$ cat upload36.json   # JSON, C-alpha atoms
[["chain", "number", "residue", "atom", "x", "y", "z"],
["N", 1, "MET", "CA", -71.82, -28.91, -39.53],
["N", 2, "CYS", "CA", -72.71, -28.53, -35.87],
["N", 3, "PHE", "CA", -75.32, -26.25, -34.29],
["N", 4, "SER", "CA", -72.77, -23.72, -33.09],
["N", 5, "SER", "CA", -71.46, -23.19, -36.63],
["N", 6, "PHE", "CA", -74.96, -23.19, -38.12],
["N", 7, "ALA", "CA", -75.91, -20.31, -35.83],
["N", 8, "LYS", "CA", -73.30, -18.20, -37.61],
["N", 9, "SER", "CA", -73.99, -19.36, -41.17],
["N", 10, "SER", "CA", -75.84, -17.29, -43.74],
["N", 11, "ILE", "CA", -78.44, -18.20, -46.33],
["N", 12, "LEU", "CA", -77.06, -19.08, -49.75],
["N", 13, "ALA", "CA", -76.44, -16.03, -51.91],
["N", 14, "PHE", "CA", -77.91, -17.32, -55.16],
["N", 15, "ILE", "CA", -81.47, -18.48, -54.53],
["N", 16, "VAL", "CA", -84.98, -17.86, -55.75],
["N", 17, "GLY", "CA", -88.09, -18.06, -53.59],
["N", 18, "SER", "CA", -91.76, -18.89, -53.75],
["N", 19, "LEU", "CA", -94.34, -18.03, -51.07],
["N", 20, "PHE", "CA", -97.27, -19.95, -49.57],
["N", 21, "THR", "CA", -99.81, -18.96, -46.93],
["N", 22, "ASN", "CA", -101.53, -21.45, -44.62],
["N", 23, "CYS", "CA", -104.59, -21.18, -42.40],
["N", 24, "ASN", "CA", -102.75, -20.45, -39.13],
["N", 25, "GLY", "CA", -101.52, -17.11, -40.42],
["N", 26, "ARG", "CA", -97.99, -18.31, -41.01],
["N", 27, "LYS", "CA", -96.54, -18.15, -44.45],
["N", 28, "GLU", "CA", -94.19, -20.62, -46.05],
["N", 29, "ASN", "CA", -91.16, -19.79, -48.13],
["N", 30, "GLU", "CA", -89.24, -22.06, -50.48],
["N", 31, "LEU", "CA", -85.76, -21.18, -51.64],
["N", 32, "LYS", "CA", -84.30, -22.96, -54.66],
["N", 33, "ASP", "CA", -80.97, -22.96, -56.41],
["N", 34, "PRO", "CA", -81.50, -20.87, -59.58],
["N", 35, "LEU", "CA", -79.06, -23.01, -61.57],
["N", 36, "THR", "CA", -80.37, -26.47, -60.71],
["N", 37, "GLY", "CA", -83.87, -25.69, -59.50],
["N", 38, "LYS", "CA", -83.28, -27.93, -56.50],
["N", 39, "LEU", "CA", -84.86, -27.05, -53.19],
["N", 40, "VAL", "CA", -82.41, -25.45, -50.74],
["N", 41, "GLU", "CA", -84.62, -24.27, -47.84],
["N", 42, "ARG", "CA", -88.22, -24.38, -46.76],
["N", 43, "PHE", "CA", -89.49, -22.61, -43.66],
["N", 44, "GLN", "CA", -92.48, -20.91, -42.08],
["N", 45, "TYR", "CA", -92.49, -17.26, -41.09],
["N", 46, "THR", "CA", -94.68, -14.44, -39.88],
["N", 47, "GLU", "CA", -94.63, -10.81, -40.92],
["N", 48, "THR", "CA", -94.21, -7.95, -38.47],
["N", 49, "SER", "CA", -96.08, -4.64, -38.67],
["N", 50, "ASN", "CA", -93.19, -3.10, -40.58],
["N", 51, "GLY", "CA", -93.20, -5.91, -43.14],
["N", 52, "SER", "CA", -90.07, -7.76, -42.01],
["N", 53, "GLN", "CA", -90.04, -11.56, -41.83],
["N", 54, "LEU", "CA", -89.53, -13.64, -38.68],
["N", 55, "LYS", "CA", -88.91, -17.37, -39.05],
["N", 56, "ASP", "CA", -91.74, -18.97, -37.09],
["N", 57, "GLY", "CA", -92.52, -22.66, -37.41],
["N", 58, "PHE", "CA", -90.73, -25.53, -39.11],
["N", 59, "TYR", "CA", -87.38, -25.09, -40.84],
["N", 60, "LYS", "CA", -85.72, -27.48, -43.28],
["N", 61, "ARG", "CA", -82.57, -27.24, -45.34],
["N", 62, "TRP", "CA", -81.22, -29.63, -48.01],
["N", 63, "TYR", "CA", -77.89, -30.62, -49.51],
["N", 64, "SER", "CA", -77.36, -30.20, -53.25],
["N", 65, "ASN", "CA", -77.84, -33.97, -53.64],
["N", 66, "GLY", "CA", -81.37, -33.69, -52.24],
["N", 67, "GLN", "CA", -80.61, -35.16, -48.82],
["N", 68, "LEU", "CA", -82.03, -33.35, -45.81],
["N", 69, "ASN", "CA", -79.34, -31.32, -44.01],
["N", 70, "ILE", "CA", -81.12, -29.54, -41.12],
["N", 71, "ASP", "CA", -84.54, -30.08, -39.53],
["N", 72, "GLY", "CA", -85.78, -27.85, -36.70],
["N", 73, "THR", "CA", -88.26, -25.27, -35.45],
["N", 74, "TYR", "CA", -88.21, -21.49, -35.00],
["N", 75, "GLU", "CA", -90.21, -19.20, -32.74],
["N", 76, "ARG", "CA", -89.99, -15.60, -33.90],
["N", 77, "ASN", "CA", -86.50, -16.02, -35.38],
["N", 78, "ARG", "CA", -85.13, -18.08, -32.49],
["N", 79, "ARG", "CA", -84.42, -21.80, -32.65],
["N", 80, "VAL", "CA", -86.43, -23.90, -30.20],
["N", 81, "GLY", "CA", -87.16, -27.55, -29.51],
["N", 82, "GLU", "CA", -85.48, -30.52, -31.13],
["N", 83, "TRP", "CA", -83.02, -29.87, -33.96],
["N", 84, "LYS", "CA", -81.35, -32.46, -36.16],
["N", 85, "ILE", "CA", -78.35, -32.18, -38.47],
["N", 86, "TYR", "CA", -77.77, -34.90, -41.09],
["N", 87, "ASN", "CA", -74.78, -35.92, -43.21],
["N", 88, "ASP", "CA", -75.09, -35.76, -46.98],
["N", 89, "ASP", "CA", -75.67, -39.52, -47.04],
["N", 90, "GLY", "CA", -78.77, -39.18, -44.87],
["N", 91, "SER", "CA", -77.23, -40.43, -41.62],
["N", 92, "LEU", "CA", -77.87, -38.45, -38.45],
["N", 93, "GLN", "CA", -74.91, -36.28, -37.42],
["N", 94, "GLU", "CA", -76.21, -34.32, -34.43],
["N", 95, "LEU", "CA", -79.28, -34.19, -32.21],
["N", 96, "ALA", "CA", -79.88, -31.29, -29.84],
["N", 97, "HIS", "CA", -82.52, -29.34, -27.96],
["N", 98, "LEU", "CA", -82.61, -25.55, -28.03],
["N", 99, "VAL", "CA", -84.35, -22.93, -25.90],
["N", 100, "ASN", "CA", -84.46, -19.33, -27.06],
["N", 101, "ASP", "CA", -81.68, -20.00, -29.63],
["N", 102, "SER", "CA", -79.34, -21.59, -27.05],
["N", 103, "LEU", "CA", -78.33, -25.21, -26.62],
["N", 104, "GLU", "CA", -80.00, -26.61, -23.49],
["N", 105, "GLY", "CA", -79.81, -30.16, -22.21],
["N", 106, "LYS", "CA", -78.32, -33.18, -23.93],
["N", 107, "VAL", "CA", -76.47, -32.84, -27.25],
["N", 108, "GLU", "CA", -75.58, -36.05, -29.08],
["N", 109, "ARG", "CA", -73.24, -36.49, -32.05],
["N", 110, "PHE", "CA", -73.00, -39.64, -34.16],
["N", 111, "PHE", "CA", -70.64, -41.41, -36.53],
["N", 112, "LYS", "CA", -71.92, -42.04, -40.05],
["N", 113, "SER", "CA", -72.35, -45.66, -39.01],
["N", 114, "GLY", "CA", -75.06, -44.50, -36.59],
["N", 115, "LYS", "CA", -73.05, -45.23, -33.46],
["N", 116, "LYS", "CA", -72.83, -42.49, -30.87],
["N", 117, "GLN", "CA", -69.65, -40.38, -30.98],
["N", 118, "SER", "CA", -70.22, -38.01, -28.06],
["N", 119, "GLU", "CA", -72.80, -36.87, -25.54],
["N", 120, "ALA", "CA", -72.71, -33.65, -23.53],
["N", 121, "VAL", "CA", -75.01, -31.58, -21.34],
["N", 122, "TYR", "CA", -75.41, -27.92, -22.30],
["N", 123, "SER", "CA", -76.71, -24.84, -20.53],
["N", 124, "LYS", "CA", -76.95, -21.44, -22.22],
["N", 125, "ASN", "CA", -74.98, -22.69, -25.23],
["N", 126, "ASN", "CA", -72.03, -23.94, -23.13],
["N", 127, "ARG", "CA", -71.15, -27.40, -21.91],
["N", 128, "ASN", "CA", -72.11, -27.63, -18.25],
["N", 129, "GLY", "CA", -72.08, -31.15, -16.89],
["N", 130, "PRO", "CA", -70.83, -34.60, -17.89],
["N", 131, "VAL", "CA", -69.29, -35.30, -21.32],
["N", 132, "SER", "CA", -68.66, -38.74, -22.83],
["N", 133, "VAL", "CA", -66.73, -39.55, -26.02],
["N", 134, "TRP", "CA", -66.68, -42.94, -27.79],
["N", 135, "LEU", "CA", -64.68, -44.64, -30.51],
["N", 136, "GLU", "CA", -66.63, -45.90, -33.51],
["N", 137, "ASN", "CA", -66.39, -49.47, -32.23],
["N", 138, "GLY", "CA", -68.42, -48.41, -29.19],
["N", 139, "GLN", "CA", -65.49, -48.34, -26.77],
["N", 140, "ILE", "CA", -65.49, -45.39, -24.36],
["N", 141, "SER", "CA", -62.63, -42.97, -25.11],
["N", 142, "GLU", "CA", -63.03, -40.13, -22.63],
["N", 143, "GLN", "CA", -65.28, -39.00, -19.77],
["N", 144, "PHE", "CA", -65.03, -35.64, -18.05],
["N", 145, "SER", "CA", -67.04, -32.90, -16.34],
["N", 146, "THR", "CA", -67.44, -29.34, -17.59],
["N", 147, "LYS", "CA", -68.38, -25.90, -16.36],
["N", 148, "ASP", "CA", -68.85, -22.91, -18.66],
["N", 149, "ASP", "CA", -67.44, -24.96, -21.57],
["N", 150, "GLN", "CA", -64.20, -25.77, -19.69],
["N", 151, "LYS", "CA", -63.10, -29.05, -18.17],
["N", 152, "ASP", "CA", -63.91, -28.82, -14.48],
["N", 153, "GLY", "CA", -63.89, -31.79, -12.14],
["N", 154, "PRO", "CA", -62.91, -35.43, -12.68],
["N", 155, "SER", "CA", -61.61, -36.60, -16.07],
["N", 156, "ILE", "CA", -60.78, -40.10, -17.34],
["N", 157, "LEU", "CA", -59.01, -40.90, -20.62],
["N", 158, "PHE", "CA", -59.07, -44.50, -21.87],
["N", 159, "TYR", "CA", -56.87, -46.65, -24.09],
["N", 160, "PRO", "CA", -58.52, -48.26, -27.15],
["N", 161, "ASN", "CA", -58.59, -51.54, -25.21],
["N", 162, "GLY", "CA", -60.87, -49.93, -22.61],
["N", 163, "LYS", "CA", -58.32, -49.66, -19.81],
["N", 164, "LYS", "CA", -57.76, -46.35, -18.07],
["N", 165, "ARG", "CA", -54.94, -44.21, -19.42],
["N", 166, "ILE", "CA", -55.20, -41.00, -17.34],
["N", 167, "GLU", "CA", -57.26, -40.02, -14.30],
["N", 168, "ALA", "CA", -57.08, -36.34, -13.39],
["N", 169, "GLU", "CA", -58.89, -33.38, -11.88],
["N", 170, "PHE", "CA", -59.49, -30.07, -13.68],
["N", 171, "THR", "CA", -60.44, -26.56, -12.60],
["N", 172, "ASN", "CA", -61.37, -24.00, -15.27],
["N", 173, "GLY", "CA", -59.72, -26.06, -18.00],
["N", 174, "GLU", "CA", -56.43, -26.61, -16.13],
["N", 175, "TYR", "CA", -55.04, -29.65, -14.37],
["N", 176, "ASN", "CA", -55.62, -29.09, -10.66],
["N", 177, "GLY", "CA", -55.37, -31.86, -8.11],
["N", 178, "PRO", "CA", -54.35, -35.54, -8.27],
["N", 179, "TYR", "CA", -53.04, -36.98, -11.56],
["N", 180, "THR", "CA", -52.54, -40.68, -12.31],
["N", 181, "GLU", "CA", -51.33, -42.23, -15.57],
["N", 182, "TYR", "CA", -51.19, -45.92, -16.50],
["N", 183, "PHE", "CA", -49.44, -48.11, -19.04],
["N", 184, "GLU", "CA", -51.73, -49.88, -21.49],
["N", 185, "ASN", "CA", -51.33, -53.10, -19.50],
["N", 186, "GLY", "CA", -52.87, -51.37, -16.47],
["N", 187, "THR", "CA", -49.62, -50.88, -14.52],
["N", 188, "LEU", "CA", -49.14, -47.53, -12.81],
["N", 189, "PHE", "CA", -46.87, -45.29, -14.91],
["N", 190, "ARG", "CA", -46.87, -41.83, -13.32],
["N", 191, "GLN", "CA", -48.57, -40.25, -10.33],
["N", 192, "GLY", "CA", -48.52, -36.82, -8.74],
["N", 193, "SER", "CA", -50.49, -33.60, -8.33],
["N", 194, "TYR", "CA", -51.06, -30.33, -10.17],
["N", 195, "ALA", "CA", -51.74, -26.85, -8.83],
["N", 196, "SER", "CA", -53.30, -24.42, -11.33],
["N", 197, "GLY", "CA", -51.91, -26.32, -14.32],
["N", 198, "LEU", "CA", -48.40, -26.81, -12.88],
["N", 199, "LYS", "CA", -46.81, -29.90, -11.36],
["N", 200, "HIS", "CA", -46.53, -29.50, -7.61],
["N", 201, "GLY", "CA", -45.36, -31.78, -4.83],
["N", 202, "SER", "CA", -44.10, -35.37, -5.08],
["N", 203, "TRP", "CA", -44.23, -37.28, -8.38],
["N", 204, "ILE", "CA", -43.30, -40.91, -9.00],
["N", 205, "THR", "CA", -42.56, -42.67, -12.30],
["N", 206, "ASN", "CA", -42.56, -46.46, -12.70],
["N", 207, "ASN", "CA", -41.37, -48.80, -15.44],
["N", 208, "THR", "CA", -43.71, -51.18, -17.27],
["N", 209, "THR", "CA", -43.34, -53.84, -14.57],
["N", 210, "GLY", "CA", -44.46, -51.43, -11.86],
["N", 211, "GLU", "CA", -41.03, -50.92, -10.29],
["N", 212, "LEU", "CA", -40.12, -47.42, -9.13],
["N", 213, "PHE", "CA", -38.07, -45.65, -11.79],
["N", 214, "ALA", "CA", -37.93, -42.12, -10.36],
["N", 215, "GLN", "CA", -39.27, -39.97, -7.57],
["N", 216, "GLU", "CA", -39.23, -36.20, -8.05],
["N", 217, "GLU", "CA", -40.30, -33.03, -6.29],
["N", 218, "TYR", "CA", -41.94, -30.04, -7.99],
["N", 219, "ASP", "CA", -42.62, -26.50, -6.84],
["N", 220, "ASN", "CA", -45.20, -24.73, -9.05],
["N", 221, "GLY", "CA", -43.92, -26.36, -12.23],
["N", 222, "LYS", "CA", -40.20, -26.29, -11.40],
["N", 223, "ASN", "CA", -38.39, -29.56, -10.78],
["N", 224, "VAL", "CA", -36.67, -29.03, -7.43],
["N", 225, "THR", "CA", -35.69, -32.65, -6.77],
["N", 226, "LEU", "CA", -31.99, -31.86, -6.51],
["N", 227, "VAL", "CA", -32.16, -28.29, -5.21],
["N", 228, "GLY", "CA", -29.56, -27.80, -2.48],
["N", 229, "ARG", "CA", -25.99, -28.88, -1.74],
["N", 230, "TRP", "CA", -24.83, -32.46, -2.29],
["N", 231, "LEU", "CA", -21.68, -34.45, -1.66],
["N", 232, "ILE", "CA", -21.01, -36.78, -4.60],
["N", 233, "ASN", "CA", -19.08, -40.00, -3.91],
["N", 234, "ASN", "CA", -17.70, -38.41, -0.72],
["N", 235, "SER", "CA", -15.39, -36.20, -2.81],
["N", 236, "VAL", "CA", -17.14, -33.55, -4.93],
["N", 237, "GLU", "CA", -19.51, -30.93, -3.55],
["N", 238, "ILE", "CA", -22.17, -29.68, -5.97],
["N", 239, "GLU", "CA", -25.05, -27.28, -5.54],
["N", 240, "TYR", "CA", -28.23, -27.39, -7.61],
["N", 241, "PHE", "CA", -30.31, -24.23, -7.95],
["N", 242, "LYS", "CA", -34.05, -23.83, -8.48],
["N", 243, "ASP", "CA", -33.50, -21.83, -11.68],
["N", 244, "GLY", "CA", -32.00, -24.90, -13.41],
["N", 245, "PHE", "CA", -28.30, -24.28, -12.84],
["N", 246, "ALA", "CA", -25.67, -26.29, -11.00],
["N", 247, "LYS", "CA", -22.31, -25.26, -9.62],
["N", 248, "SER", "CA", -19.48, -27.31, -8.17],
["N", 249, "LYS", "CA", -16.08, -26.47, -6.73],
["N", 250, "ASP", "CA", -14.60, -27.75, -9.99],
["N", 251, "ASN", "CA", -16.23, -25.12, -12.20],
["N", 252, "LYS", "CA", -16.23, -21.34, -11.79],
["N", 253, "GLY", "CA", -19.53, -20.69, -13.55],
["N", 254, "LYS", "CA", -22.93, -22.35, -13.44],
["N", 255, "VAL", "CA", -23.75, -25.31, -15.68],
["N", 256, "PHE", "CA", -27.34, -25.63, -16.86],
["N", 257, "TYR", "CA", -29.24, -28.76, -15.90],
["N", 258, "SER", "CA", -32.80, -30.05, -16.20],
["N", 259, "ILE", "CA", -34.59, -33.09, -14.89],
["N", 260, "GLU", "CA", -37.82, -34.70, -16.00],
["N", 261, "ALA", "CA", -39.29, -38.15, -15.36],
["N", 262, "GLY", "CA", -36.09, -39.45, -13.80],
["N", 263, "VAL", "CA", -33.72, -38.25, -16.54],
["N", 264, "LEU", "CA", -31.21, -35.58, -15.55],
["N", 265, "THR", "CA", -29.58, -33.58, -18.35],
["N", 266, "TYR", "CA", -26.38, -32.02, -17.05],
["N", 267, "SER", "CA", -24.12, -30.16, -19.49],
["N", 268, "PHE", "CA", -23.83, -32.66, -22.39],
["N", 269, "HIS", "CA", -24.50, -35.73, -20.29],
["N", 270, "ARG", "CA", -27.67, -37.56, -19.38],
["N", 271, "TYR", "CA", -28.20, -39.39, -16.12],
["N", 272, "THR", "CA", -31.03, -41.63, -15.03],
["N", 273, "ILE", "CA", -32.15, -41.43, -11.41],
["N", 274, "LYS", "CA", -32.79, -45.00, -10.31],
["N", 275, "LYS", "CA", -33.46, -44.49, -6.61],
["N", 276, "LEU", "CA", -34.16, -41.45, -4.51],
["N", 277, "THR", "CA", -34.69, -40.88, -0.80],
["N", 278, "LYS", "CA", -34.85, -37.72, 1.25],
["N", 279, "ASN", "CA", -31.09, -37.42, 1.72],
["N", 280, "GLU", "CA", -29.55, -39.82, -0.76],
["N", 281, "TYR", "CA", -29.87, -40.61, -4.46],
["N", 282, "VAL", "CA", -28.19, -42.82, -7.03],
["N", 283, "ILE", "CA", -27.78, -41.77, -10.66],
["N", 284, "VAL", "CA", -26.41, -43.75, -13.58],
["N", 285, "ALA", "CA", -24.54, -41.90, -16.32],
["N", 286, "SER", "CA", -25.50, -43.05, -19.81],
["N", 287, "GLY", "CA", -23.14, -43.23, -22.76],
["N", 288, "VAL", "CA", -20.29, -45.43, -23.87],
["N", 289, "LYS", "CA", -19.43, -46.23, -20.27],
["N", 290, "SER", "CA", -21.95, -46.30, -17.46],
["N", 291, "GLN", "CA", -21.00, -45.06, -14.04],
["N", 292, "THR", "CA", -22.92, -44.92, -10.78],
["N", 293, "TYR", "CA", -22.73, -41.97, -8.41],
["N", 294, "ARG", "CA", -23.86, -41.71, -4.80],
["N", 295, "GLY", "CA", -24.97, -38.36, -3.48],
["N", 296, "VAL", "CA", -25.73, -37.25, 0.08],
["N", 297, "ARG", "CA", -27.57, -34.03, 0.78],
["N", 298, "LEU", "CA", -25.57, -31.59, 2.92]]
$ encode --input "upload36.json" --output "structure tokens"
Amino acid sequence: MCFSSFAKSSILAFIVGSLFTNCNGRKENELKDPLTGKLVERFQYTETSNGSQLKDGFYKRWYSNGQLNIDGTYERNRRVGEWKIYNDDGSLQELAHLVNDSLEGKVERFFKSGKKQSEAVYSKNNRNGPVSVWLENGQISEQFSTKDDQKDGPSILFYPNGKKRIEAEFTNGEYNGPYTEYFENGTLFRQGSYASGLKHGSWITNNTTGELFAQEEYDNGKNVTLVGRWLINNSVEIEYFKDGFAKSKDNKGKVFYSIEAGVLTYSFHRYTIKKLTKNEYVIVASGVKSQTYRGVRL
């Protein structure tokens, strides 16, 4: 259970209570399971002029096995100060600070082993600031910035071996800006840019040795690498359209095509773009027999 879900939870339906009054004017209430007699909750409260109760002071809640579940403080029915949530084995699950019933400042979550799982900065119950996530072995898994509970700013995703997997920029939870992806051995795999969550501009893809595998152009999410008229092997003229269709002098209608990461799907055939320049490209047809084509932009 985390603090956000606890805020929406209700008190157990089948409980019995006993009341205590202490010298500071606050009263204490104990709630027990009527079937087992085990303590479920204990908290302090004050009474209003109309007789209603406001939690005010310490608050504790227990699992059915007797282990402490939640430990915190209320001020007139609002959670304040340090709050802790425990697992049913007694290990700490979450540590947070609340102001006026809202998460404020650092929130830490832990594995049952006691090692830190994540750390985030909150403001008004939303993540606003840096976030870090770890694997149970202590290796960093992800680091990113947030604003109003959305990824916003730089983000780094790591492989289990600790090497970077993805470096990217976010705006309001969407990719926006430079994007770089690596193979697990550290070699550059893919690099390009996003605009409002869509690929835009030049993208390159490399093989595991770092050699260029493909270079592509995007326009607001559409792959426009081949858009335009081309002369293939000095004999066939073909035109590629932005909507994903192609038309040549050999066919009356349009044939659908798509291209992604250097692989062109054209009709029932697949082609791999091995090299690409501004006006010339080379593709290799895959299948039983490979064939190389040379195209020049018209």
$ closest_residue --input "upload36.json" --among "N:Glu174, N:Glu82, N:Glu260, N:Asp89" --to "Leu103 (chain N)" --atoms "only C-alpha atoms"
N:Glu82
$ closest_residue --input "upload36.json" --among "N:Asn128, N:Ser118, N:Ser193, N:Asn100" --to "Asn176 (chain N)" --atoms "all atoms listed in the file"
N:Ser193
$ atom_distance --input "upload36.json" --atom1 "CA of Asp152 (chain N)" --atom2 "CA of Gly192 (chain N)"
18.3 Å
$ residues_around --input "upload36.json" --residues "region 129-132 of chain N" --least-positions-apart "5" --cutoff "7 Å" --atoms "all atoms listed in the file" --output "list in words"
Ser118, Glu119, Ala120, Val121, Glu142, Gln143, Phe144, Ser145, Thr146 and Lys147 of chain N
$ atom_distance --input "upload36.json" --atom1 "CA of Ser202 (chain N)" --atom2 "CA of Lys249 (chain N)"
29.4 Å
$ closest_residue --input "upload36.json" --among "N:Lys112, N:Arg42, N:Lys151, N:Arg127" --to "Thr171 (chain N)" --atoms "only C-alpha atoms"
N:Lys151
$ residues_around --input "upload36.json" --residues "Glu47 (chain N)" --least-positions-apart "2" --cutoff "10 Å" --atoms "all atoms listed in the file" --output "number ranges by chain"
N: 25-27, 45, 49-56, 76
$ atom_distance --input "upload36.json" --atom1 "CA of Ser248 (chain N)" --atom2 "CA of Val236 (chain N)"
7.4 Å
